[in-house]
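Everything below belongs to work-v6.cif, which stores mmCIF, C-alpha atoms.
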```cif
data_structure
#
loop_
_atom_site.label_atom_id
_atom_site.label_comp_id
_atom_site.auth_asym_id
_atom_site.auth_seq_id
_atom_site.Cartn_x
_atom_site.Cartn_y
_atom_site.Cartn_z
CA MET A 805 0.00 0.00 0.00
CA ILE A 806 2.96 2.35 0.51
CA GLY A 807 2.98 4.92 -2.30
CA LYS A 808 -0.59 4.13 -3.35
CA THR A 809 -3.45 6.59 -3.24
CA LEU A 810 -6.75 5.85 -1.52
CA GLY A 811 -9.20 8.50 -2.63
CA LYS A 812 -7.62 11.83 -1.68
CA TYR A 813 -4.95 10.28 0.54
CA ARG A 814 -1.43 9.17 -0.41
CA ILE A 815 -0.11 6.34 1.78
CA ILE A 816 3.38 7.13 3.06
CA GLU A 817 4.03 4.86 6.05
CA ASN A 818 2.80 1.64 7.65
CA LEU A 819 2.08 2.21 11.32
CA GLY A 820 1.09 -1.33 12.27
CA SER A 821 -1.66 -3.89 12.24
CA GLY A 822 -4.56 -4.68 14.56
CA GLY A 823 -7.17 -7.38 14.68
CA THR A 824 -9.48 -5.72 12.16
CA ALA A 825 -7.33 -3.31 10.18
CA GLU A 826 -3.95 -2.21 8.90
CA VAL A 827 -3.02 1.32 9.96
CA TYR A 828 -1.15 3.78 7.76
CA LYS A 829 0.03 7.35 7.89
CA ALA A 830 -1.07 9.25 4.81
CA TYR A 831 -0.85 12.71 3.29
CA GLN A 832 -3.83 14.74 2.07
CA PRO A 833 -2.46 17.26 -0.48
CA GLY A 834 -5.66 19.30 -0.75
CA LEU A 835 -5.51 20.33 2.91
CA ASP A 836 -1.73 19.89 3.32
CA ARG A 837 -2.07 17.63 6.35
CA HIS A 838 -1.18 14.16 7.54
CA VAL A 839 -3.89 11.73 8.57
CA ALA A 840 -4.11 8.21 9.93
CA ILE A 841 -5.95 5.64 7.82
CA LYS A 842 -7.34 2.33 9.00
CA VAL A 843 -7.79 -0.12 6.13
CA LEU A 844 -9.99 -3.13 6.90
CA HIS A 845 -8.32 -6.49 6.40
CA PRO A 846 -9.48 -7.94 3.04
CA PHE A 847 -11.10 -11.04 4.55
CA LEU A 848 -13.31 -8.81 6.72
CA ALA A 849 -14.41 -6.83 3.68
CA ASP A 850 -16.06 -10.05 2.48
CA GLU A 851 -18.01 -10.50 5.73
CA LYS A 852 -21.34 -8.81 4.95
CA ASP A 853 -22.64 -8.62 8.54
CA PHE A 854 -19.35 -7.25 9.87
CA LEU A 855 -19.12 -4.71 7.05
CA THR A 856 -22.67 -3.49 7.60
CA ARG A 857 -21.95 -3.00 11.29
CA PHE A 858 -18.59 -1.32 10.63
CA GLN A 859 -20.03 1.12 8.08
CA ARG A 860 -22.93 2.11 10.30
CA GLU A 861 -20.77 2.56 13.38
CA ALA A 862 -18.13 4.50 11.40
CA ARG A 863 -20.78 7.04 10.43
CA VAL A 864 -21.80 7.50 14.05
CA VAL A 865 -18.20 7.81 15.30
CA ALA A 866 -17.57 10.44 12.62
CA THR A 867 -20.28 12.63 14.18
CA LEU A 868 -18.50 12.80 17.55
CA ARG A 869 -17.04 16.26 18.18
CA HIS A 870 -15.19 16.49 21.47
CA PRO A 871 -11.77 17.95 22.38
CA ASN A 872 -10.76 14.66 24.01
CA ILE A 873 -11.88 12.33 21.19
CA VAL A 874 -9.86 11.68 18.03
CA GLN A 875 -11.59 13.19 15.01
CA VAL A 876 -12.80 10.86 12.26
CA TYR A 877 -12.74 12.62 8.89
CA ASP A 878 -13.87 10.13 6.30
CA PHE A 879 -14.99 6.59 5.50
CA ASP A 880 -14.87 5.24 1.97
CA PHE A 881 -14.29 2.28 -0.36
CA ASP A 882 -11.50 1.91 -2.93
CA ALA A 883 -12.67 -0.40 -5.73
CA GLU A 884 -9.19 -0.92 -7.20
CA ASP A 885 -7.81 -2.40 -3.98
CA ASN A 886 -11.17 -3.67 -2.67
CA ALA A 887 -10.39 -1.70 0.47
CA TYR A 888 -12.74 -0.14 3.02
CA TYR A 889 -10.97 2.51 5.04
CA MET A 890 -11.50 5.08 7.77
CA VAL A 891 -9.58 8.37 7.84
CA MET A 892 -8.76 9.95 11.20
CA GLU A 893 -6.85 12.75 12.83
CA CYS A 894 -3.16 11.91 13.22
CA VAL A 895 -2.06 12.45 16.83
CA ASP A 896 1.73 12.75 16.90
CA GLY A 897 2.26 12.64 20.65
CA PRO A 898 3.02 9.54 22.74
CA SER A 899 0.41 7.24 24.19
CA LEU A 900 -0.17 6.94 27.92
CA LYS A 901 1.23 3.43 27.62
CA THR A 902 4.51 4.72 26.21
CA ARG A 903 4.75 7.44 28.84
CA LEU A 904 4.20 4.90 31.62
CA GLN A 905 6.84 2.59 30.16
CA ASP A 906 9.35 5.45 29.98
CA MET A 907 8.64 6.47 33.57
CA ALA A 908 8.85 2.87 34.81
CA GLN A 909 12.41 2.63 33.50
CA GLU A 910 13.28 5.44 35.90
CA ASP A 911 11.17 3.92 38.69
CA GLN A 912 8.71 6.81 38.54
CA ARG A 913 4.93 7.16 38.46
CA LEU A 914 2.68 9.74 36.93
CA PRO A 915 2.05 12.46 39.56
CA LEU A 916 -1.38 12.18 41.17
CA GLU A 917 -2.49 15.57 39.83
CA GLU A 918 -1.60 14.50 36.28
CA THR A 919 -3.29 11.15 36.83
CA ILE A 920 -6.53 12.88 37.80
CA ARG A 921 -6.26 15.19 34.78
CA VAL A 922 -5.81 12.26 32.39
CA VAL A 923 -8.57 10.09 33.85
CA THR A 924 -11.02 12.98 34.13
CA ALA A 925 -10.41 13.96 30.49
CA VAL A 926 -11.02 10.39 29.33
CA ALA A 927 -14.14 10.16 31.51
CA ASN A 928 -15.46 13.36 29.93
CA ALA A 929 -14.80 11.94 26.46
CA LEU A 930 -16.57 8.69 27.34
CA ASP A 931 -19.53 10.50 28.86
CA TYR A 932 -19.93 12.50 25.64
CA ALA A 933 -19.69 9.35 23.51
CA HIS A 934 -22.20 7.54 25.72
CA GLN A 935 -24.65 10.43 25.42
CA HIS A 936 -24.35 10.04 21.65
CA GLY A 937 -25.03 6.33 21.77
CA MET A 938 -21.51 4.89 21.61
CA VAL A 939 -19.63 2.54 23.94
CA HIS A 940 -15.86 2.41 23.35
CA ARG A 941 -15.23 -1.14 24.70
CA ASP A 942 -11.43 -0.94 24.61
CA VAL A 943 -10.32 1.80 27.00
CA LYS A 944 -6.63 1.29 27.85
CA PRO A 945 -3.38 3.32 28.03
CA ALA A 946 -2.46 2.46 24.42
CA ASN A 947 -5.64 4.22 23.27
CA ILE A 948 -5.07 7.36 25.35
CA MET A 949 -2.80 9.84 23.60
CA PHE A 950 -0.99 13.04 24.50
CA ALA A 951 -1.15 15.65 21.74
CA GLN A 952 1.75 18.06 21.28
CA ASP A 953 0.03 20.57 23.57
CA GLU A 954 -0.50 17.78 26.17
CA GLN A 955 -4.21 17.61 25.35
CA ILE A 956 -5.59 14.15 26.21
CA ILE A 957 -7.08 12.33 23.20
CA LEU A 958 -9.07 9.09 23.38
CA THR A 959 -8.53 7.11 20.20
CA ASP A 960 -9.56 3.92 18.45
CA PHE A 961 -13.30 3.48 18.54
CA GLY A 962 -12.68 0.61 16.12
CA ILE A 963 -14.69 -1.93 18.13
CA ALA A 964 -17.16 0.56 19.53
CA LYS A 965 -20.79 -0.45 19.87
CA MET A 966 -23.86 1.68 19.30
CA LEU A 967 -26.04 1.72 22.40
CA ASN A 968 -29.33 2.21 20.61
CA VAL A 969 -28.91 -0.30 17.78
CA THR A 970 -29.78 -3.95 18.18
CA GLY A 971 -29.11 -6.86 15.88
CA LEU A 972 -25.77 -5.58 14.57
CA THR A 973 -23.44 -6.84 17.28
CA ALA A 974 -22.81 -10.57 17.29
CA SER A 975 -24.09 -12.40 20.33
CA GLY A 976 -21.62 -14.47 22.31
CA ALA A 977 -18.80 -12.05 21.46
CA MET A 978 -15.99 -11.26 23.86
CA VAL A 979 -14.67 -7.85 22.93
CA GLY A 980 -11.90 -5.86 24.57
CA THR A 981 -8.36 -6.21 25.91
CA PRO A 982 -8.16 -8.82 28.72
CA ALA A 983 -6.16 -6.70 31.18
CA TYR A 984 -8.79 -3.94 31.05
CA MET A 985 -11.92 -5.97 30.32
CA ALA A 986 -15.04 -5.65 32.46
CA PRO A 987 -16.36 -8.91 33.96
CA GLU A 988 -19.51 -8.84 31.84
CA GLN A 989 -17.41 -8.50 28.68
CA GLY A 990 -15.39 -11.52 29.77
CA MET A 991 -18.64 -13.46 30.10
CA GLY A 992 -19.58 -12.70 26.50
CA GLN A 993 -21.94 -9.79 27.15
CA ALA A 994 -21.70 -6.76 24.88
CA GLY A 995 -21.43 -4.36 27.82
CA ASP A 996 -22.85 -0.87 28.18
CA GLU A 997 -21.51 2.46 29.50
CA ARG A 998 -20.54 0.81 32.76
CA ALA A 999 -18.09 -1.49 30.99
CA ASP A 1000 -16.16 1.60 29.88
CA VAL A 1001 -16.29 2.90 33.46
CA TYR A 1002 -14.72 -0.37 34.62
CA SER A 1003 -11.95 -0.24 32.02
CA LEU A 1004 -11.13 3.36 32.96
CA GLY A 1005 -11.12 2.24 36.59
CA VAL A 1006 -8.43 -0.31 35.69
CA VAL A 1007 -6.40 2.49 34.08
CA LEU A 1008 -6.74 4.59 37.24
CA TYR A 1009 -5.71 1.62 39.41
CA GLU A 1010 -2.64 1.11 37.24
CA LEU A 1011 -1.68 4.78 37.34
CA VAL A 1012 -1.82 5.14 41.12
CA THR A 1013 -0.28 1.76 42.03
CA GLY A 1014 2.08 1.02 39.15
CA HIS A 1015 0.43 -2.38 38.67
CA LEU A 1016 -2.60 -3.87 36.96
CA PRO A 1017 -5.17 -5.23 39.42
CA PHE A 1018 -5.08 -8.74 37.92
CA ASP A 1019 -2.36 -10.75 36.24
CA ALA A 1020 -2.11 -14.34 35.01
CA ASP A 1021 -0.09 -16.54 32.67
CA THR A 1022 -2.70 -16.36 29.90
CA PRO A 1023 -5.25 -13.80 28.65
CA LEU A 1024 -8.06 -16.18 29.64
CA GLY A 1025 -6.62 -16.37 33.15
CA VAL A 1026 -6.73 -12.58 33.40
CA VAL A 1027 -10.34 -12.51 32.21
CA LEU A 1028 -11.34 -15.11 34.81
CA LYS A 1029 -9.71 -13.06 37.56
CA HIS A 1030 -11.68 -9.98 36.51
CA ILE A 1031 -14.80 -12.13 36.85
CA ASN A 1032 -13.92 -14.11 40.00
CA ALA A 1033 -11.05 -12.66 42.02
CA PRO A 1034 -11.50 -10.01 44.71
CA LEU A 1035 -9.86 -6.68 43.93
CA PRO A 1036 -6.48 -6.22 45.67
CA PRO A 1037 -6.86 -2.99 47.68
CA PRO A 1038 -4.93 -0.19 45.94
CA THR A 1039 -3.50 0.97 49.28
CA THR A 1040 -1.60 -2.32 49.66
CA LEU A 1041 0.50 -1.17 46.69
CA ASN A 1042 0.40 2.56 47.42
CA PRO A 1043 -0.03 3.25 51.16
CA ASN A 1044 -0.04 7.00 50.50
CA LEU A 1045 -3.31 6.77 48.60
CA SER A 1046 -6.20 8.50 50.35
CA PRO A 1047 -9.26 6.48 51.42
CA SER A 1048 -11.38 8.66 49.13
CA ILE A 1049 -9.33 7.85 46.02
CA GLU A 1050 -9.40 4.17 46.97
CA ALA A 1051 -13.19 4.33 47.38
CA VAL A 1052 -13.54 5.79 43.87
CA ILE A 1053 -11.38 3.03 42.39
CA THR A 1054 -13.24 0.32 44.27
CA ARG A 1055 -16.61 1.53 43.05
CA ALA A 1056 -15.41 1.89 39.45
CA LEU A 1057 -14.10 -1.68 39.59
CA ALA A 1058 -17.19 -3.26 41.11
CA LYS A 1059 -17.81 -6.61 39.43
CA ASP A 1060 -21.56 -6.08 39.37
CA PRO A 1061 -22.32 -3.24 36.90
CA ASN A 1062 -25.15 -2.20 39.22
CA ASN A 1063 -22.66 -1.33 41.95
CA ARG A 1064 -20.42 0.78 39.72
CA TYR A 1065 -20.74 4.40 38.73
CA GLN A 1066 -23.63 4.39 36.31
CA THR A 1067 -22.07 7.09 34.13
CA ALA A 1068 -18.55 8.27 33.36
CA ASN A 1069 -19.60 11.71 34.56
CA GLU A 1070 -20.37 10.33 38.04
CA PHE A 1071 -16.93 8.70 38.03
CA ALA A 1072 -15.19 11.98 37.09
CA SER A 1073 -17.18 13.99 39.65
CA ASP A 1074 -16.32 11.68 42.53
CA LEU A 1075 -12.68 11.59 41.45
CA GLU A 1076 -12.47 15.39 41.55
CA ARG A 1077 -14.19 15.44 44.95
CA ALA A 1078 -11.76 12.84 46.27
CA MET A 1079 -8.82 14.85 44.96
CA ALA A 1080 -10.20 17.88 46.81
CA GLY A 1081 -10.13 15.87 50.04
CA GLN A 1082 -13.85 15.25 50.32
CA PRO A 1083 -14.97 11.89 51.73
CA ILE A 1084 -16.31 9.26 49.32
CA GLU A 1085 -18.55 6.51 50.64
CA PRO A 1086 -17.06 3.08 49.88
CA ILE A 1087 -19.21 0.32 48.40
CA SER A 1088 -20.14 -2.78 50.36
CA PRO A 1089 -18.12 -5.96 49.75
CA GLU A 1090 -19.35 -7.95 46.76
CA PRO A 1091 -19.76 -11.70 46.26
CA THR A 1092 -16.70 -13.31 44.70
CA VAL A 1093 -18.48 -14.20 41.46
CA VAL A 1094 -21.24 -12.12 39.90
CA ALA A 1095 -22.84 -13.40 36.71
CA ALA A 1096 -24.75 -10.80 34.73
CA THR A 1097 -27.87 -11.94 32.94
CA SER A 1098 -28.65 -10.87 29.40
CA GLU A 1099 -31.17 -8.40 30.82
CA ALA A 1100 -28.38 -6.76 32.78
CA MET A 1101 -26.72 -5.72 29.55
CA THR A 1102 -29.86 -4.52 27.79
CA VAL A 1103 -29.49 -0.86 26.92
CA GLY A 1104 -32.11 1.63 25.83
CA PRO A 1105 -31.65 4.92 24.03
CA PRO A 1106 -28.66 7.01 25.21
CA SER A 1107 -30.92 9.40 27.12
CA ALA A 1108 -32.58 6.63 29.09
CA THR A 1109 -31.65 6.05 32.71
CA PRO A 1110 -29.98 2.62 33.04
CA THR A 1111 -32.38 0.05 34.46
CA PRO A 1112 -30.97 -1.82 37.46
CA PRO A 1113 -29.96 -5.21 36.06
CA ALA A 1114 -30.92 -8.52 37.54
CA THR A 1115 -27.90 -10.37 38.88
CA SER A 1116 -27.30 -13.73 40.40
CA VAL A 1117 -24.51 -14.94 42.60
CA VAL A 1118 -22.73 -18.05 41.37
CA ARG A 1119 -21.08 -20.02 44.12
CA PRO A 1120 -18.38 -22.57 43.32
CA GLY A 1121 -19.48 -26.15 43.79
CA ARG A 1122 -20.26 -29.29 41.85
CA GLY A 1123 -22.64 -27.45 39.58
CA TYR A 1124 -19.98 -24.81 38.90
CA VAL A 1125 -17.41 -27.48 38.02
CA ALA A 1126 -19.94 -29.18 35.78
CA MET A 1127 -20.57 -25.92 33.94
CA LEU A 1128 -16.85 -25.52 33.37
CA ALA A 1129 -16.63 -29.05 32.03
CA VAL A 1130 -19.49 -28.43 29.63
CA ALA A 1131 -17.89 -25.18 28.52
CA LEU A 1132 -14.60 -26.95 27.79
CA VAL A 1133 -16.38 -29.59 25.73
CA LEU A 1134 -18.20 -26.90 23.74
CA ILE A 1135 -14.92 -25.09 23.14
CA LEU A 1136 -13.29 -28.28 21.85
CA LEU A 1137 -16.25 -29.01 19.58
CA GLY A 1138 -16.19 -25.44 18.33
CA CYS A 1139 -12.47 -25.63 17.54
CA ALA A 1140 -13.06 -28.85 15.62
CA ALA A 1141 -15.77 -27.16 13.59
CA LEU A 1142 -13.52 -24.19 12.90
CA LEU A 1143 -10.73 -26.45 11.72
CA ALA A 1144 -13.10 -28.32 9.43
CA THR A 1145 -14.42 -25.18 7.78
CA GLY A 1146 -11.15 -23.26 7.57
CA THR A 1147 -12.58 -20.46 9.71
CA LEU A 1148 -9.88 -20.91 12.34
CA ASP A 1149 -7.22 -19.60 9.99
CA ARG A 1150 -9.20 -16.41 9.34
CA LEU A 1151 -9.96 -15.99 13.02
CA SER A 1152 -6.32 -16.43 14.01
CA ARG A 1153 -5.30 -13.78 11.51
CA ALA A 1154 -7.78 -11.37 13.10
CA LEU A 1155 -6.76 -12.10 16.69
CA PHE A 1156 -3.02 -12.60 16.26
CA PRO A 1157 -1.72 -10.47 13.38
CA GLN A 1158 1.82 -11.11 12.20
CA ALA A 1159 4.39 -9.21 14.19
CA GLY A 1160 6.12 -6.62 12.07
CA THR A 1161 7.78 -3.30 12.57
CA PRO A 1162 7.02 -1.93 16.07
CA THR A 1163 4.07 0.40 15.80
CA PRO A 1164 4.67 4.08 16.60
CA ASP A 1165 2.21 5.63 19.03
CA VAL A 1166 0.26 7.72 16.52
CA ILE A 1167 -3.36 6.70 17.08
CA GLY A 1168 -3.07 4.11 19.80
CA THR A 1169 -2.51 1.04 17.61
CA PRO A 1170 -1.28 -1.90 19.73
CA THR A 1171 2.34 -2.91 19.21
CA PRO A 1172 3.12 -6.52 18.22
CA ASN A 1173 4.16 -7.48 21.74
CA GLU A 1174 1.00 -6.02 23.32
CA ALA A 1175 -2.10 -8.13 23.93
CA VAL A 1176 -4.35 -6.99 21.10
CA ALA A 1177 -8.04 -6.33 21.47
CA THR A 1178 -9.92 -9.60 21.35
CA GLN A 1179 -13.02 -10.02 19.23
CA ILE A 1180 -14.26 -13.61 19.29
CA VAL A 1181 -17.57 -14.21 17.59
CA ALA A 1182 -19.34 -17.41 18.55
#
```
Could you quickly redo this structure as structure tokens?
Amino acid sequence: MIGKTLGKYRIIENLGSGGTAEVYKAYQPGLDRHVAIKVLHPFLADEKDFLTRFQREARVVATLRHPNIVQVYDFDFDAEDNAYYMVMECVDGPSLKTRLQDMAQEDQRLPLEETIRVVTAVANALDYAHQHGMVHRDVKPANIMFAQDEQIILTDFGIAKMLNVTGLTASGAMVGTPAYMAPEQGMGQAGDERADVYSLGVVLYELVTGHLPFDADTPLGVVLKHINAPLPPPTTLNPNLSPSIEAVITRALAKDPNNRYQTANEFASDLERAMAGQPIEPISPEPTVVAATSEAMTVGPPSATPTPPATSVVRPGRGYVAMLAVALVLILLGCAALLATGTLDRLSRALFPQAGTPTPDVIGTPTPNEAVATQIVA
């Protein structure tokens, strides 16, 4: 693609590859500016349902106008290369992930005041997106950018979901990045605004402690800990953290969506109050495992007040072990079916793209050695 022209844009550099698209830096001569272009992988362009969803969601994302959200300029199709592509603002600053990595090498953390500024800006961006019917579903440091003027920019709505549209998101899908994935996402639910609140809560936890709340040898192990394991208190890793800040984190990371902040704006407001030294009421301890029903994830129009979801507590026992056994059998049968139909090869290309040149932090594209966003469609 390097040197080719897609519409009005001349491709000049490959920035990396994700699960659904190849990302390029391009030049737009008419406006004398550089842009970032996401080109859908060819095999996805042949998936009618996926393409319909992608086109419709791209149009909605392009309507978002917020100082903390990356601007989407265009979405088009190039017949010569059979390529669907999205054109976005090119953010030249580093990602939050890169900044954290650089600071970790010097055994430093982001100052608390800067942490609050970053998280509040992202919360404001999410609240705006939610009000316009969009859920991001992949909030993480790699998708939070610093512009040259230090403005915080939330990028990559590539797997975003429209709140008020049904029938376009595959059921049984697990979407997100395991380290930042809300429990309901890990259980195959689409997730609503509160899933984004949870993911941003993980980012806040990481910023103030220097560690992710859950770690494991495999991505699946991390997902299961988000679902099952109690949250390690942030103050065990950072004793200087105030009880109010810890209370905000604990509520944002509640396993039951009903116990979390119901909006990103509530999250940001409490965080600012906590930073000002005001007391924040902590939430009550939760059961170890909370399984959200399908009704819990049902979402109405963006303006509607979220309906308290029905939840049930799942307690480990023989029935729990039996369910795990059945799940393993279904997984094995599913893999056999995928092998027989050749779908597994296409799926593996989407989930585990070939490692290439390390991806610069331009629009938050994951680098080859980063766990990429997972999108498994059952």
Box centre and edge lengths (Å, one decimal), axis-aligned, region 898-901 of chain A plus 4 Å each side, as AutoDock Vina command-line options:
```
--center_x 1.4 --center_y 6.5 --center_z 25.3 --size_x 11.2 --size_y 14.1 --size_z 13.2
```
Carefully work through the PyMOL selection byres ((chain A and resi 1001-1010) around 6) for this structure and note down the residues it includes, as an MDAnalysis selection string.
-> chainID A and resid 943 984:986 998:1000 1011:1016 1053 1056:1057 1068
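Residues in contact range of Leu848 (chain A), defined as at most 10 Å between all atoms listed in the file, with sequence neighbours fewer than 4 positions away removed, read A:Thr824, A:Ala825, A:Leu844, A:Lys852, A:Asp853, A:Phe854, A:Leu855, A:Phe858, A:Ala887, A:Tyr888, A:Arg1150, A:Ala1154.
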Residue neighbourhood Leu904 (chain A), 8 Å, all atoms listed in the file, exclusion window fewer than 4 positions, as an MDAnalysis selection string | chainID A and resid 900 908 913:914
Output the selection as an mmCIF file, keeping the file's coordinate frame - C-alpha atoms for each residue.
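File produced: result-v1.cif:
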```cif
data_model
loop_
_atom_site.group_PDB
_atom_site.id
_atom_site.type_symbol
_atom_site.label_atom_id
_atom_site.label_comp_id
_atom_site.auth_asym_id
_atom_site.auth_seq_id
_atom_site.Cartn_x
_atom_site.Cartn_y
_atom_site.Cartn_z
ATOM 1 C CA LEU A 900 -0.170 6.940 27.920
ATOM 2 C CA ALA A 908 8.850 2.870 34.810
ATOM 3 C CA ARG A 913 4.930 7.160 38.460
ATOM 4 C CA LEU A 914 2.680 9.740 36.930
#
```
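Distance check against Ile957 (chain A) using only C-alpha atoms: of A:Asp896, A:Glu988, A:Asp906, A:Glu1090, the minimum falls on A:Asp896.
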Given the choices A:Thr959, A:Ser1046, A:Gln952, A:Thr1039, which gets closest to Gln875 (chain A) if the distance is worked out from all atoms listed in the file?
-> A:Thr959
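If you count only C-alpha atoms and draw a sphere of 8 Å around (-12.2, 8.6, 22.6), the protein and nucleic acid residues inside it come out as A:Asn872, A:Ile873, A:Val874, A:Val926, A:Ala929, A:Leu930, A:Ala933, A:His940, A:Asn947, A:Ile948, A:Ile957, A:Leu958, A:Thr959, A:Asp960, A:Phe961.
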Hey, can you spit out that residue selection with C-alpha atoms as a CSV table (one decimal), keeping the file's coordinate frame?
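Final file, selection00.csv:
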```
chain,number,residue,atom,x,y,z
A,872,ASN,CA,-10.8,14.7,24.0
A,873,ILE,CA,-11.9,12.3,21.2
A,874,VAL,CA,-9.9,11.7,18.0
A,926,VAL,CA,-11.0,10.4,29.3
A,929,ALA,CA,-14.8,11.9,26.5
A,930,LEU,CA,-16.6,8.7,27.3
A,933,ALA,CA,-19.7,9.4,23.5
A,940,HIS,CA,-15.9,2.4,23.4
A,947,ASN,CA,-5.6,4.2,23.3
A,948,ILE,CA,-5.1,7.4,25.4
A,957,ILE,CA,-7.1,12.3,23.2
A,958,LEU,CA,-9.1,9.1,23.4
A,959,THR,CA,-8.5,7.1,20.2
A,960,ASP,CA,-9.6,3.9,18.4
A,961,PHE,CA,-13.3,3.5,18.5
```
Residues picked by the PyMOL selection byres ((chain A and resi 860-865) around 8) here, as a ChimeraX atom specification?
-> /A:856-859,866-868,876,879,890,938,961,964-966
Using all atoms listed in the file, determine which residues lie at most 7 Å from region 1081-1085 of chain A, disregarding the query and same-chain residues fewer than 3 positions distant; provide the list as number ranges by chain.
-> A: 1048, 1051, 1077-1078
Reference answer for the PyMOL selection byres ((chain A and resi 832-836) around 6), as a ChimeraX atom specification = /A:813,831,837
Expected file: the selected residues, C-alpha atoms, as a PDB file, in the frame of the given file:
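The resulting file, result_12.pdb, is reproduced below:
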```pdb
ATOM      1  CA  TYR A 813      -4.950  10.280   0.540  1.00  0.00           C
ATOM      2  CA  TYR A 831      -0.850  12.710   3.290  1.00  0.00           C
ATOM      3  CA  ARG A 837      -2.070  17.630   6.350  1.00  0.00           C
TER       4      ARG A 837
END
```
A:Pro1089, A:Gln909, A:Phe847, A:Ala1072 ranked by distance to Arg921 (chain A), top pick (using all atoms listed in the file) = A:Ala1072
